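Engineer: Sharing a structure below in structure tokens format, with a few things to ask.
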Amino acid sequence: MRNFLKSFKEFAMKGNVMDMAVGVIIGGAFTAIVNSLVNDMFMPLLSLLTKGMDFASLGIPLGEGEDAAVFAYGNFIAAVINFILIALVVFLLVKALAGAKDKLSKKEEEEPAPEKPKRLCPYCFGEIADEATRCPYCTSVLDKE
């Protein structure tokens, strides 16, 4: 039993599992934000376009009386619209984040790499190539550095 608990502890504390847990938690919070954006901002606008039509109330009764089963196709339509709006919002957010990431990476790329110091001949102080074994100016034999 101790071996099992030790193995489980090692598994649970691995970096990948912790990263996944953080991702799930942030995903839950992100879901709440996106749902609020869709339900509180986009659905009222859609309601204006459809003149206040409530899709959830659409259905075909499959029997008589209050307790009769209802083929509620309106709920399905509302779910599809909700999905399309959520997919649109997620797409726009991912696109915006990717654009921001591109701008940041371009700034990093624009910084020039520091120049390598020039190799100078120790005798005449003329500039020489890194691969050179003799100075082209004074023909001195150079140490490989």
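By order of appearance in the structure tokens: chains A, B, ..., then residues from 1 within every chain, and ligands from 1 in the order shown.
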Assign secondary structure with DSSP using the backbone only, and return the residues of chain A in strand (DSSP E or B) as a list in words.
Structural biologist: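 Of chain A, the ones in strand (DSSP E or B) are Ile60, Pro61, Val70, Phe71, Arg119, Leu120, Glu127, Ile128, Arg134 and Val141 of chain A.
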Engineer: Just the selected residues (C-alpha atoms), exported as a PDB file, in the first residue's frame, please.
Structural biologist:
ATOM      1  CA  ILE A  60     -43.868  19.669 -31.137  1.00  0.00           C
ATOM      2  CA  PRO A  61     -46.061  17.997 -28.500  1.00  0.00           C
ATOM      3  CA  VAL A  70     -42.366  17.277 -26.397  1.00  0.00           C
ATOM      4  CA  PHE A  71     -40.023  17.043 -29.351  1.00  0.00           C
ATOM      5  CA  ARG A 119      40.426  38.886 -33.811  1.00  0.00           C
ATOM      6  CA  LEU A 120      43.551  41.033 -33.908  1.00  0.00           C
ATOM      7  CA  GLU A 127      42.311  42.437 -38.173  1.00  0.00           C
ATOM      8  CA  ILE A 128      42.506  38.764 -39.135  1.00  0.00           C
ATOM      9  CA  ARG A 134      49.221  33.544 -40.281  1.00  0.00           C
ATOM     10  CA  VAL A 141      52.562  32.658 -37.223  1.00  0.00           C
TER      11      VAL A 141
END
Engineer: Using only C-alpha atoms, which protein or nucleic acid residues come within 12 Å of Ile86 (chain A)? Drop anything in the same chain fewer than 3 positions from it, and give the result as a PyMOL selection string.
Structural biologist: chain A and resi 30-39+41-43+79-83+89-93
Engineer: Could you tell me how far CA of Leu85 (chain A) sits from CA of Ala98 (chain A), in Å to one decimal place?
Structural biologist: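 Those two atoms sit 19.8 Å apart.
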